[in-house]
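Participant: If it helps, the file is called target_37.csv and holds CSV, C-alpha atoms and all ligand atoms:
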chain,number,residue,atom,x,y,z
I,33,MET,CA,-46.7,-13.2,-3.1
I,34,SER,CA,-43.6,-13.8,-5.2
I,35,ASN,CA,-41.1,-11.1,-5.7
I,36,PRO,CA,-41.5,-9.1,-8.9
I,37,PRO,CA,-39.0,-10.1,-11.6
I,38,LEU,CA,-35.6,-8.6,-11.0
I,39,GLU,CA,-34.7,-5.5,-13.0
I,40,PRO,CA,-33.9,-6.5,-16.6
I,41,SER,CA,-30.2,-6.7,-17.3
I,42,THR,CA,-28.6,-3.3,-18.1
I,43,THR,CA,-27.5,-2.5,-21.7
I,44,LYS,CA,-23.8,-2.9,-20.6
I,45,PRO,CA,-22.9,-6.7,-20.7
I,46,VAL,CA,-23.1,-8.3,-17.3
I,47,PRO,CA,-19.6,-9.7,-16.3
I,48,VAL,CA,-20.1,-13.3,-15.3
I,49,VAL,CA,-18.0,-16.3,-14.2
I,50,LEU,CA,-19.4,-19.8,-14.8
I,51,ASP,CA,-18.4,-22.6,-12.5
I,52,VAL,CA,-19.1,-25.9,-14.2
I,53,ASP,CA,-18.9,-29.7,-14.1
I,54,THR,CA,-19.3,-30.1,-17.9
I,55,GLY,CA,-21.6,-32.1,-18.2
I,56,VAL,CA,-24.2,-32.4,-21.0
I,57,ASP,CA,-26.3,-29.4,-19.7
I,58,ASP,CA,-23.2,-27.4,-18.6
I,59,ALA,CA,-22.1,-27.6,-22.3
I,60,LEU,CA,-25.5,-26.1,-23.3
I,61,ALA,CA,-25.0,-23.4,-20.6
I,62,LEU,CA,-21.5,-22.6,-22.0
I,63,MET,CA,-23.1,-22.1,-25.5
I,64,MET,CA,-25.8,-19.8,-24.1
I,65,ALA,CA,-23.3,-17.7,-22.1
I,66,VAL,CA,-20.7,-17.4,-24.8
I,67,ARG,CA,-23.3,-16.4,-27.4
I,68,HIS,CA,-25.6,-14.1,-25.5
I,69,PRO,CA,-24.6,-10.4,-26.1
I,70,ALA,CA,-25.8,-9.3,-22.6
I,71,LEU,CA,-23.3,-11.6,-20.9
I,72,ASP,CA,-19.5,-10.9,-20.7
I,73,VAL,CA,-18.0,-14.3,-19.8
I,74,ARG,CA,-14.8,-13.4,-17.9
I,75,ALA,CA,-13.8,-16.9,-16.8
I,76,ILE,CA,-14.9,-20.5,-16.6
I,77,THR,CA,-13.9,-22.6,-13.6
I,78,CYS,CA,-14.2,-26.4,-13.4
I,79,VAL,CA,-15.0,-28.6,-10.5
I,80,ALA,CA,-15.6,-32.3,-9.8
I,81,GLY,CA,-19.3,-33.2,-10.2
I,82,ASN,CA,-20.8,-34.9,-13.2
I,83,ALA,CA,-17.3,-36.2,-14.1
I,84,ASP,CA,-13.9,-36.0,-12.5
I,85,VAL,CA,-12.4,-32.5,-12.6
I,86,ASP,CA,-9.8,-33.3,-15.3
I,87,GLN,CA,-12.6,-34.6,-17.6
I,88,VAL,CA,-14.6,-31.5,-16.8
I,89,VAL,CA,-11.7,-29.3,-18.0
I,90,THR,CA,-11.2,-31.4,-21.1
I,91,ASN,CA,-14.9,-31.2,-21.9
I,92,SER,CA,-15.2,-27.5,-21.3
I,93,LEU,CA,-12.2,-26.7,-23.5
I,94,ALA,CA,-13.6,-28.9,-26.3
I,95,VAL,CA,-17.0,-27.2,-26.2
I,96,LEU,CA,-15.4,-23.8,-26.4
I,97,ASP,CA,-13.6,-25.0,-29.5
I,98,VAL,CA,-16.9,-26.1,-31.1
I,99,LEU,CA,-18.3,-22.7,-30.2
I,100,ASP,CA,-15.3,-21.0,-31.8
I,101,ALA,CA,-15.4,-19.1,-28.5
I,102,PRO,CA,-13.0,-16.2,-27.7
I,103,ASP,CA,-10.1,-17.0,-25.5
I,104,VAL,CA,-11.9,-17.3,-22.2
I,105,PRO,CA,-9.7,-18.4,-19.4
I,106,VAL,CA,-10.6,-21.8,-18.1
I,107,ALA,CA,-9.2,-23.2,-14.8
I,108,ARG,CA,-9.1,-26.5,-12.9
I,109,GLY,CA,-10.6,-26.4,-9.5
I,110,ALA,CA,-11.5,-28.9,-6.7
I,111,ALA,CA,-11.1,-32.6,-7.4
I,112,GLN,CA,-13.1,-33.6,-4.4
I,113,PRO,CA,-16.0,-32.1,-2.3
I,114,LEU,CA,-15.0,-30.5,1.1
I,115,LEU,CA,-15.9,-33.6,3.1
I,116,GLU,CA,-17.6,-36.2,0.9
I,117,VAL,CA,-15.8,-38.4,-1.7
I,118,ALA,CA,-16.5,-37.5,-5.3
I,119,ARG,CA,-19.6,-39.3,-6.7
I,120,ASP,CA,-20.1,-38.6,-10.4
I,121,ALA,CA,-23.2,-38.7,-12.5
I,122,ARG,CA,-22.0,-40.9,-15.2
I,123,HIS,CA,-25.4,-42.6,-15.4
I,124,VAL,CA,-26.8,-39.3,-16.6
I,125,HIS,CA,-23.9,-37.7,-18.5
I,126,GLY,CA,-22.1,-40.8,-19.7
I,127,ALA,CA,-18.6,-42.0,-18.7
I,128,ASP,CA,-17.0,-39.0,-20.4
I,129,GLY,CA,-19.5,-36.5,-19.0
I,130,LEU,CA,-20.7,-35.4,-22.5
I,131,GLY,CA,-22.7,-38.4,-23.6
I,132,ALA,CA,-19.9,-39.7,-25.8
I,133,GLN,CA,-19.9,-36.9,-28.4
I,134,GLY,CA,-16.4,-37.7,-29.5
I,135,LEU,CA,-15.2,-34.1,-29.5
I,136,PRO,CA,-11.6,-33.6,-30.4
I,137,ALA,CA,-9.3,-32.6,-27.5
I,138,SER,CA,-8.7,-28.9,-27.5
I,139,SER,CA,-5.3,-27.2,-28.0
I,140,ARG,CA,-6.4,-24.5,-25.5
I,141,THR,CA,-4.5,-24.8,-22.2
I,142,PRO,CA,-6.1,-24.2,-18.8
I,143,PHE,CA,-5.1,-21.2,-16.6
I,144,ALA,CA,-2.0,-22.4,-14.8
I,145,GLY,CA,-2.8,-20.8,-11.5
I,146,GLY,CA,-5.9,-22.9,-10.9
I,147,ALA,CA,-9.6,-22.0,-10.3
I,148,LEU,CA,-9.3,-20.2,-6.9
I,149,GLU,CA,-6.6,-17.8,-8.3
I,150,LEU,CA,-8.5,-17.2,-11.5
I,151,LEU,CA,-11.7,-16.5,-9.5
I,152,ARG,CA,-9.9,-14.2,-7.1
I,153,MET,CA,-8.1,-12.1,-9.7
I,154,THR,CA,-11.1,-12.0,-12.1
I,155,ILE,CA,-13.4,-10.7,-9.4
I,156,LEU,CA,-10.9,-8.3,-7.7
I,157,ASP,CA,-9.6,-6.9,-10.9
I,158,SER,CA,-13.1,-6.2,-12.4
I,159,PRO,CA,-14.0,-2.6,-12.6
I,160,GLU,CA,-17.7,-3.6,-12.1
I,161,PRO,CA,-19.2,-6.2,-9.7
I,162,VAL,CA,-19.1,-9.8,-11.1
I,163,THR,CA,-22.0,-12.3,-11.1
I,164,LEU,CA,-21.0,-15.8,-10.2
I,165,VAL,CA,-23.0,-18.6,-11.9
I,166,PRO,CA,-22.3,-21.9,-10.3
I,167,LEU,CA,-23.8,-24.8,-12.3
I,168,ALA,CA,-22.1,-27.5,-10.4
I,169,PRO,CA,-21.2,-28.5,-6.8
I,170,MET,CA,-20.2,-25.4,-5.0
I,171,THR,CA,-16.8,-26.6,-3.8
I,172,ASN,CA,-14.8,-23.9,-5.7
I,173,LEU,CA,-17.0,-21.1,-4.5
I,174,ALA,CA,-16.9,-22.3,-0.9
I,175,LEU,CA,-13.1,-22.5,-0.9
I,176,LEU,CA,-12.9,-19.0,-2.6
I,177,LEU,CA,-15.2,-17.4,0.0
I,178,ARG,CA,-13.3,-19.0,2.9
I,179,ALA,CA,-9.8,-18.2,1.4
I,180,TYR,CA,-10.5,-14.7,0.0
I,181,PRO,CA,-13.6,-13.2,1.7
I,182,GLU,CA,-12.7,-9.8,0.3
I,183,VAL,CA,-14.1,-10.9,-3.1
I,184,LYS,CA,-17.6,-10.4,-1.6
I,185,ASP,CA,-17.1,-6.7,-2.0
I,186,ASN,CA,-17.1,-7.0,-5.8
I,187,LEU,CA,-19.7,-9.6,-6.3
I,188,ALA,CA,-23.1,-8.5,-7.7
I,189,GLY,CA,-24.6,-11.9,-6.7
I,190,ILE,CA,-24.7,-15.6,-7.2
I,191,ILE,CA,-27.2,-17.3,-9.5
I,192,ALA,CA,-26.8,-21.0,-8.7
I,193,MET,CA,-28.3,-24.0,-10.4
I,194,GLY,CA,-28.9,-26.0,-7.2
I,195,GLY,CA,-31.3,-27.3,-4.7
I,196,ALA,CA,-35.1,-27.6,-4.9
I,197,ALA,CA,-38.1,-26.6,-2.9
I,198,GLU,CA,-39.8,-29.8,-3.8
I,199,GLY,CA,-38.1,-33.2,-4.3
I,200,GLY,CA,-34.7,-34.2,-5.6
I,201,ASN,CA,-32.8,-36.1,-8.3
I,202,ALA,CA,-29.7,-37.4,-6.7
I,203,THR,CA,-31.9,-38.7,-3.9
I,204,ALA,CA,-35.6,-38.5,-3.2
I,205,VAL,CA,-35.1,-35.1,-1.6
I,206,ALA,CA,-31.6,-33.7,-2.7
I,207,GLU,CA,-30.6,-32.1,-5.9
I,208,PHE,CA,-27.2,-33.4,-7.3
I,209,ASN,CA,-25.1,-30.2,-7.0
I,210,VAL,CA,-26.0,-29.7,-3.4
I,211,TRP,CA,-26.0,-33.4,-2.6
I,212,HIS,CA,-22.4,-33.7,-4.0
I,213,ASP,CA,-21.1,-31.1,-1.6
I,214,PRO,CA,-23.6,-30.1,1.0
I,215,GLU,CA,-21.1,-28.2,3.2
I,216,ALA,CA,-20.0,-26.1,0.2
I,217,ALA,CA,-23.6,-25.2,-0.5
I,218,ALA,CA,-24.2,-24.2,3.1
I,219,ILE,CA,-21.1,-22.0,3.1
I,220,VAL,CA,-22.2,-20.3,-0.2
I,221,LEU,CA,-25.8,-19.8,0.9
I,222,GLY,CA,-24.6,-18.4,4.3
I,223,SER,CA,-21.9,-16.2,2.8
I,224,GLY,CA,-23.9,-12.9,2.8
I,225,VAL,CA,-23.6,-12.6,-0.9
I,226,PRO,CA,-27.1,-12.4,-2.5
I,227,VAL,CA,-28.0,-15.8,-3.8
I,228,THR,CA,-30.7,-16.8,-6.3
I,229,LEU,CA,-31.4,-20.6,-6.4
I,230,TYR,CA,-32.4,-21.8,-9.9
I,231,GLY,CA,-33.5,-25.2,-8.5
I,232,LEU,CA,-35.1,-28.3,-9.9
I,233,ASP,CA,-38.5,-26.7,-9.5
I,234,VAL,CA,-37.8,-24.6,-12.6
I,235,PHE,CA,-34.8,-26.5,-14.1
I,236,SER,CA,-37.1,-29.4,-14.9
I,237,GLN,CA,-39.6,-27.3,-16.9
I,238,VAL,CA,-37.5,-26.1,-19.8
I,239,VAL,CA,-37.8,-28.8,-22.4
I,240,VAL,CA,-36.9,-28.9,-26.1
I,241,GLU,CA,-39.1,-31.3,-28.1
I,242,ALA,CA,-37.6,-34.1,-30.2
I,243,GLU,CA,-38.8,-32.6,-33.5
I,244,THR,CA,-36.8,-29.4,-32.6
I,245,TYR,CA,-33.6,-31.0,-31.4
I,246,GLU,CA,-33.6,-33.3,-34.4
I,247,ALA,CA,-33.7,-30.2,-36.6
I,248,LEU,CA,-30.8,-28.8,-34.6
I,249,ARG,CA,-28.7,-31.9,-35.3
I,250,GLN,CA,-28.8,-31.1,-39.0
I,251,ASP,CA,-27.7,-27.5,-38.6
I,252,PRO,CA,-24.5,-26.5,-40.4
I,253,ASP,CA,-23.3,-24.7,-37.3
I,254,PRO,CA,-21.3,-27.4,-35.4
I,255,ALA,CA,-22.3,-25.8,-32.1
I,256,VAL,CA,-26.0,-26.0,-32.9
I,257,ALA,CA,-25.7,-29.5,-34.2
I,258,LEU,CA,-23.9,-30.4,-30.9
I,259,ALA,CA,-26.7,-28.9,-28.9
I,260,GLY,CA,-29.1,-31.1,-30.8
I,261,ARG,CA,-27.1,-34.2,-30.0
I,262,LEU,CA,-26.8,-33.2,-26.3
I,263,LEU,CA,-30.5,-32.6,-26.1
I,264,ALA,CA,-31.2,-36.0,-27.7
I,265,HIS,CA,-28.9,-37.5,-25.0
I,266,SER,CA,-30.8,-35.7,-22.3
I,267,HIS,CA,-34.2,-36.9,-23.6
I,268,GLU,CA,-33.0,-40.5,-23.6
I,269,VAL,CA,-32.0,-40.1,-19.9
I,270,ILE,CA,-35.3,-38.6,-18.8
I,271,ARG,CA,-37.7,-40.4,-21.2
I,272,SER,CA,-39.2,-42.5,-18.4
I,273,ASP,CA,-40.3,-39.4,-16.4
I,274,PRO,CA,-43.9,-38.6,-17.4
I,275,ARG,CA,-43.5,-35.0,-16.2
I,276,VAL,CA,-40.7,-34.1,-18.5
I,277,GLY,CA,-40.0,-37.0,-20.8
I,278,HIS,CA,-41.3,-35.3,-23.9
I,279,GLY,CA,-38.0,-33.8,-24.8
I,280,GLY,CA,-34.5,-32.9,-23.7
I,281,LEU,CA,-33.8,-30.5,-20.8
I,282,ILE,CA,-31.7,-27.4,-21.4
I,283,GLY,CA,-30.8,-27.8,-17.7
I,284,ASP,CA,-28.1,-25.5,-16.6
I,285,ALA,CA,-28.5,-23.3,-19.7
I,286,GLY,CA,-31.8,-22.2,-18.1
I,287,ALA,CA,-30.0,-20.6,-15.2
I,288,VAL,CA,-27.8,-18.7,-17.7
I,289,CYS,CA,-31.0,-17.5,-19.5
I,290,ALA,CA,-32.2,-16.2,-16.2
I,291,VAL,CA,-29.0,-14.2,-15.8
I,292,ALA,CA,-29.4,-12.7,-19.2
I,293,GLU,CA,-33.1,-12.0,-18.8
I,294,PRO,CA,-34.1,-12.1,-15.1
I,295,GLY,CA,-37.7,-11.5,-16.0
I,296,LEU,CA,-37.9,-15.1,-17.2
I,297,ILE,CA,-38.2,-16.3,-13.6
I,298,THR,CA,-40.1,-15.3,-10.5
I,299,THR,CA,-38.5,-15.7,-7.1
I,300,HIS,CA,-39.6,-15.7,-3.5
I,301,ARG,CA,-37.2,-14.8,-0.7
I,302,TRP,CA,-37.3,-17.6,1.9
I,303,PRO,CA,-35.0,-19.0,4.5
I,304,VAL,CA,-33.2,-22.1,3.0
I,305,HIS,CA,-31.4,-24.6,5.2
I,306,VAL,CA,-29.0,-27.2,3.8
I,307,ALA,CA,-29.5,-30.5,5.6
I,308,LEU,CA,-26.1,-31.7,6.6
I,309,ALA,CA,-26.8,-34.6,9.0
I,310,PRO,CA,-25.9,-38.0,7.7
I,311,GLY,CA,-28.8,-40.0,6.3
I,312,LEU,CA,-31.8,-39.8,4.0
I,313,THR,CA,-32.1,-36.0,4.0
I,314,ARG,CA,-28.4,-35.1,3.7
I,315,GLY,CA,-28.1,-32.5,0.9
I,316,GLN,CA,-31.7,-31.5,0.9
I,317,THR,CA,-32.4,-27.7,0.6
I,318,VAL,CA,-35.2,-27.2,3.2
I,319,VAL,CA,-37.1,-24.1,1.9
I,320,ASP,CA,-39.0,-22.6,4.8
I,321,ARG,CA,-42.2,-21.3,3.2
I,322,ARG,CA,-44.0,-20.5,6.5
I,323,TYR,CA,-45.7,-17.2,7.0
I,324,VAL,CA,-46.5,-17.7,10.7
I,325,LEU,CA,-43.9,-18.0,13.5
I,326,GLY,CA,-43.2,-21.6,14.4
I,327,GLU,CA,-42.4,-23.2,17.7
I,328,ASP,CA,-38.8,-23.5,16.6
I,329,ALA,CA,-38.5,-19.7,16.8
I,330,VAL,CA,-40.6,-19.4,19.9
I,331,HIS,CA,-38.5,-22.0,21.7
I,332,GLY,CA,-35.2,-20.8,20.3
I,333,VAL,CA,-34.5,-23.8,18.1
I,334,ASP,CA,-31.9,-22.8,15.6
I,335,SER,CA,-33.5,-24.3,12.5
I,336,LEU,CA,-33.8,-21.1,10.4
I,337,GLY,CA,-31.8,-21.1,7.2
I,338,HIS,CA,-30.3,-18.3,5.1
I,339,LEU,CA,-32.5,-15.9,3.1
I,340,VAL,CA,-32.3,-16.9,-0.5
I,341,ASP,CA,-34.3,-15.9,-3.6
I,342,VAL,CA,-35.7,-19.2,-4.7
I,343,ALA,CA,-37.0,-19.5,-8.3
I,344,VAL,CA,-40.6,-20.5,-7.9
I,345,GLY,CA,-41.8,-20.0,-11.5
I,346,ILE,CA,-40.4,-19.7,-15.0
I,347,ASP,CA,-41.7,-18.8,-18.4
I,348,ALA,CA,-40.5,-22.2,-19.8
I,349,GLU,CA,-41.4,-21.5,-23.4
I,350,ALA,CA,-39.8,-18.1,-23.5
I,351,THR,CA,-36.7,-19.6,-21.8
I,352,ARG,CA,-36.5,-22.4,-24.3
I,353,ASP,CA,-36.9,-20.0,-27.2
I,354,LEU,CA,-34.3,-17.6,-25.8
I,355,PHE,CA,-31.8,-20.5,-25.6
I,356,LEU,CA,-32.6,-21.7,-29.1
I,357,THR,CA,-32.4,-18.2,-30.6
I,358,THR,CA,-29.2,-17.3,-28.7
I,359,ILE,CA,-27.2,-20.3,-29.8
I,360,GLY,CA,-28.2,-19.6,-33.4
I,361,ALA,CA,-30.9,-22.2,-33.9
I,362,GLY,CA,-33.2,-19.6,-35.4
I,363,PRO,CA,-37.0,-19.1,-34.8
I,364,GLN,CA,-38.0,-22.2,-36.9
I,365,ALA,CA,-36.7,-24.5,-34.2
I,366,SER,CA,-38.9,-23.0,-31.5
I,367,HIS,CA,-41.8,-23.0,-34.0
I,368,ALA,CA,-41.3,-26.7,-34.5
I,369,ASP,CA,-41.5,-27.0,-30.7
I,370,ASP,CA,-44.9,-25.3,-30.7
I,371,THR,CA,-46.1,-27.4,-33.6
I,372,ALA,CA,-45.0,-30.5,-31.8
I,373,ARG,CA,-46.9,-29.4,-28.7
I,374,ALA,CA,-50.0,-28.4,-30.7
I,375,VAL,CA,-50.1,-31.8,-32.3
I,376,GLN,CA,-49.9,-33.4,-28.8
I,377,ARG,CA,-53.0,-31.4,-27.6
H,401,LIG,O1,-29.1,-31.6,-10.6
H,401,LIG,C1,-28.7,-31.0,-11.9
H,401,LIG,C2,-27.4,-30.5,-11.8
H,401,LIG,O2,-26.4,-31.5,-11.5
H,401,LIG,C3,-26.9,-29.9,-13.2
H,401,LIG,O3,-26.0,-28.8,-12.9
H,401,LIG,C4,-26.2,-31.0,-13.8
H,401,LIG,O4,-25.2,-30.6,-14.8
H,401,LIG,C5,-25.5,-31.6,-12.6
H,401,LIG,O5,-24.3,-30.9,-12.3
H,402,CA,CA,-23.8,-28.9,-14.0
Once more with this new file: its structure as structure tokens, please.
Facilitator:
Amino acid sequence: MSNPPLEPSTTKPVPVVLDVDTGVDDALALMMAVRHPALDVRAITCVAGNADVDQVVTNSLAVLDVLDAPDVPVARGAAQPLLEVARDARHVHGADGLGAQGLPASSRTPFAGGALELLRMTILDSPEPVTLVPLAPMTNLALLLRAYPEVKDNLAGIIAMGGAAEGGNATAVAEFNVWHDPEAAAIVLGSGVPVTLYGLDVFSQVVVEAETYEALRQDPDPAVALAGRLLAHSHEVIRSDPRVGHGGLIGDAGAVCAVAEPGLITTHRWPVHVALAPGLTRGQTVVDRRYVLGEDAVHGVDSLGHLVDVAVGIDAEATRDLFLTTIGAGPQASHADDTARAVQR
């Protein structure tokens, strides 16, 4: 039986730090986080992933400008994974990481101390525990936890977009954020900080139909119009997938929705093992869903993973509508979605 939904977020805004590789869907996640009243975005840290880290910083700052966001500190983090070489996702996010939106460069300047220092001070200086929301390869978080383990005492938890119980996208079995830096993911999952994995199993369910995102593109709010263009880009990329190709994915923004409203997802606490051996399975998150003792335990084979709350279900329509309403798209956009789906039936 899946765990009951986590307690809804308290009335006091939840202090969060987003770690991003902006990124088409990271941009949608930034919109969701900055505009949701239950989230108090304390910092944004950037890491190599979808694009190189300097492009990620540029993209994140530019999106904050479009959002007319408050002066949230943004910092540059790791330019490479711990062991691997950086392998970007330009075939998904475009050469500039944002699907060539042509956003003007921001006049905002990144935090001079870098991501690790921004993470360390943001967490240790917070009067209440901080929730980390990695939406990218977990290189920054792994380095943080190794360099400053004391931060664990003031972390409420980690809600990570990463991994999958079934299948992959970077490879047949590995999800991109884990595949990009498997060692970092293993360090984070094994850190002892409570981890919820918002993996591909739920990530791939939250779709905004073309009729809706086309309406967003006409919105007078430049952030909503940008969301429409980003969703259109996402749809072009996944159009060939019969399971999700009927619209654009909100992607990482869904993980932020789950932070704001934990009841949107259902989770199950299972051991998760990150496959590190070179070869086909490297970067796979092996989710151990057995209920009966296996021979590995009986014969002392150390194949058990780290206990993680794996997102096994999501109210995809409610998540989509929360995203649309939060960014300011208004109810008509989600209604258009339902109309589009009704027509399809
Ligand atoms: O596998 C999807 C994840 O990889 C998302 O976070 C996307 O932005 C990329 O980072
Ligand atoms: Ca991402």
Participant: My list of candidates is I:Leu93, I:Val256, I:Val220, I:Ile155. Which is closest to Val340 in chain I when distances are computed with all atoms listed in the file?
Facilitator: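 The shortest atom-to-atom distance to Val340 in chain I comes from I:Val220.
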Participant: Using only C-alpha atoms, find the one residue out of I:Val49, I:Gly109, I:Ala179, I:Arg352 that sits nearest to Val73 in chain I.
Facilitator: I:Val49
Participant: Would you work out the distance separating CA of Met193 in chain I from CA of Glu243 in chain I, expressed in Å to one decimal?
Facilitator: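 These two atoms are separated by 26.8 Å.
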Participant: Go through I:Ile346, I:Val85, I:Leu177, I:Ala80 one by one, measure the shortest atom-to-atom distance of each to Cys289 in chain I using all atoms listed in the file, and give the residue with the smallest value.
Facilitator: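 Once distances to Cys289 in chain I are computed over all atoms listed in the file, the minimum belongs to I:Ile346.
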Participant: Can you build me a table of chain I residues sitting at most 9 Å from ligand LIG 401 (chain H), with the closest atom pair per residue and its distance in Å to one decimal, using all atoms listed in the file, sorted by chain and residue number, as JSON lines?
Facilitator:
{"residue": "I:Val52", "atom": "CA", "partner": "H:LIG401", "partner_atom": "O5", "distance": 7.5}
{"residue": "I:Asp53", "atom": "CA", "partner": "H:LIG401", "partner_atom": "O5", "distance": 5.8}
{"residue": "I:Thr54", "atom": "CA", "partner": "H:LIG401", "partner_atom": "O4", "distance": 6.7}
{"residue": "I:Gly55", "atom": "CA", "partner": "H:LIG401", "partner_atom": "O4", "distance": 5.2}
{"residue": "I:Val56", "atom": "CA", "partner": "H:LIG401", "partner_atom": "O4", "distance": 6.5}
{"residue": "I:Asp57", "atom": "CA", "partner": "H:LIG401", "partner_atom": "O4", "distance": 5.2}
{"residue": "I:Asp58", "atom": "CA", "partner": "H:LIG401", "partner_atom": "O4", "distance": 5.4}
{"residue": "I:Ala59", "atom": "CA", "partner": "H:LIG401", "partner_atom": "O4", "distance": 8.7}
{"residue": "I:Gly81", "atom": "CA", "partner": "H:LIG401", "partner_atom": "O5", "distance": 5.9}
{"residue": "I:Asn82", "atom": "CA", "partner": "H:LIG401", "partner_atom": "O5", "distance": 5.4}
{"residue": "I:Ala83", "atom": "CA", "partner": "H:LIG401", "partner_atom": "O5", "distance": 9.0}
{"residue": "I:Asp120", "atom": "CA", "partner": "H:LIG401", "partner_atom": "O5", "distance": 9.0}
{"residue": "I:Ala121", "atom": "CA", "partner": "H:LIG401", "partner_atom": "C5", "distance": 7.5}
{"residue": "I:Val124", "atom": "CA", "partner": "H:LIG401", "partner_atom": "C5", "distance": 8.8}
{"residue": "I:His125", "atom": "CA", "partner": "H:LIG401", "partner_atom": "O4", "distance": 8.1}
{"residue": "I:Pro166", "atom": "CA", "partner": "H:LIG401", "partner_atom": "O3", "distance": 8.2}
{"residue": "I:Leu167", "atom": "CA", "partner": "H:LIG401", "partner_atom": "O3", "distance": 4.6}
{"residue": "I:Ala168", "atom": "CA", "partner": "H:LIG401", "partner_atom": "O5", "distance": 4.5}
{"residue": "I:Pro169", "atom": "CA", "partner": "H:LIG401", "partner_atom": "O5", "distance": 6.8}
{"residue": "I:Ala192", "atom": "CA", "partner": "H:LIG401", "partner_atom": "O3", "distance": 8.9}
{"residue": "I:Met193", "atom": "CA", "partner": "H:LIG401", "partner_atom": "O3", "distance": 5.9}
{"residue": "I:Gly194", "atom": "CA", "partner": "H:LIG401", "partner_atom": "O1", "distance": 6.6}
{"residue": "I:Gly195", "atom": "CA", "partner": "H:LIG401", "partner_atom": "O1", "distance": 7.6}
{"residue": "I:Gly200", "atom": "CA", "partner": "H:LIG401", "partner_atom": "O1", "distance": 7.9}
{"residue": "I:Asn201", "atom": "CA", "partner": "H:LIG401", "partner_atom": "O1", "distance": 6.3}
{"residue": "I:Ala202", "atom": "CA", "partner": "H:LIG401", "partner_atom": "O1", "distance": 7.0}
{"residue": "I:Ala206", "atom": "CA", "partner": "H:LIG401", "partner_atom": "O1", "distance": 8.5}
{"residue": "I:Glu207", "atom": "CA", "partner": "H:LIG401", "partner_atom": "O1", "distance": 5.0}
{"residue": "I:Phe208", "atom": "CA", "partner": "H:LIG401", "partner_atom": "O1", "distance": 4.2}
{"residue": "I:Asn209", "atom": "CA", "partner": "H:LIG401", "partner_atom": "O2", "distance": 4.9}
{"residue": "I:Val210", "atom": "CA", "partner": "H:LIG401", "partner_atom": "O1", "distance": 8.1}
{"residue": "I:Trp211", "atom": "CA", "partner": "H:LIG401", "partner_atom": "O1", "distance": 8.8}
{"residue": "I:His212", "atom": "CA", "partner": "H:LIG401", "partner_atom": "O2", "distance": 8.8}
{"residue": "I:Gly231", "atom": "CA", "partner": "H:LIG401", "partner_atom": "O1", "distance": 8.0}
{"residue": "I:Leu232", "atom": "CA", "partner": "H:LIG401", "partner_atom": "O1", "distance": 6.9}
{"residue": "I:Phe235", "atom": "CA", "partner": "H:LIG401", "partner_atom": "C1", "distance": 7.9}
{"residue": "I:Gly283", "atom": "CA", "partner": "H:LIG401", "partner_atom": "C3", "distance": 6.3}
{"residue": "I:Asp284", "atom": "CA", "partner": "H:LIG401", "partner_atom": "O3", "distance": 5.4}
Participant: Counting all atoms listed in the file, which residue out of I:Val117, I:Val288, I:Leu148, I:Ala132 sits closest to ligand CA 402 (chain H)?
Facilitator: I:Val288
Participant: Need the neighbours of (-39.1, -32.4, -22.6): which residues are at most 6 Å away, counting only C-alpha atoms, as an NGL selection string?
Facilitator: :I and (239-241 or 276-281)
Participant: Around (-21.7, -17.4, -27.6) in the file's own coordinates, what residues are found within 8 Å if you use only C-alpha atoms, given back as a list of chain:residue names?
Facilitator: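 Residues lying no farther than 8 Å from the given point: I:Leu62, I:Met63, I:Met64, I:Ala65, I:Val66, I:Arg67, I:His68, I:Pro69, I:Leu99, I:Ala101, I:Thr358, I:Ile359.
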Participant: From the set I:Thr77, I:Thr43, I:Ala144, I:Gln316, which residue has the shortest atom-to-atom contact distance to ligand CA 402 (chain H), counting all atoms listed in the file?
Facilitator: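 Smallest separation from ligand CA 402 (chain H) among the options: I:Thr77.
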Participant: What separation in Å, quoted to one decimal, exists between CA of Val165 in chain I and CA of Glu268 in chain I?
Facilitator: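 Distance reported for this atom pair: 26.8 Å.
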Participant: With all atoms listed in the file as the atoms that count, which of I:Pro226, I:Pro254, I:Pro303, I:Gly129 lies nearest to ligand CA 402 (chain H)?
Facilitator: I:Gly129
Participant: I'd like the contact shell of Leu248 in chain I - 7 Å cut-off, only C-alpha atoms, skipping same-chain residues fewer than 5 positions apart - returned as a short mmCIF file (atom, residue, chain, number, x, y, z; two decimals) with C-alpha atoms, in the frame of the given file.
Facilitator:
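Result file out.cif:
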data_model
loop_
_atom_site.label_atom_id
_atom_site.label_comp_id
_atom_site.auth_asym_id
_atom_site.auth_seq_id
_atom_site.Cartn_x
_atom_site.Cartn_y
_atom_site.Cartn_z
CA VAL I 256 -26.00 -26.00 -32.90
CA ALA I 257 -25.70 -29.50 -34.20
CA GLY I 260 -29.10 -31.10 -30.80
CA ALA I 361 -30.90 -22.20 -33.90
#
Participant: List the spatial neighbours of Arg74 in chain I as number ranges by chain - criterion: any atom at most 8 Å away, all atoms listed in the file, same-chain residues fewer than 6 positions off excluded.
Facilitator: I: 47-49, 104-105, 154
Participant: So what do you get for CA of Asp51 in chain I versus CA of Arg249 in chain I, distance-wise?
Facilitator: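 About the pair CA of Asp51 in chain I and CA of Arg249 in chain I: they are 26.7 Å apart.
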Participant: Identify, on the basis of all atoms listed in the file, every residue whose closest approach to Lys184 in chain I does not exceed 12 Å; exclude the query and any residue fewer than 5 positions from it along the same chain; express the result as number ranges by chain.
Facilitator: I: 151-152, 155-156, 161-164, 173-174, 176-179, 189-190, 220, 223-227
Participant: Find the residues around Asp97 in chain I up to 9 Å (all atoms listed in the file counted), leave out those fewer than 6 positions away in its own chain, and share them as JSON, numbers by chain.
Facilitator: {"I": [136, 137, 138, 139, 140]}
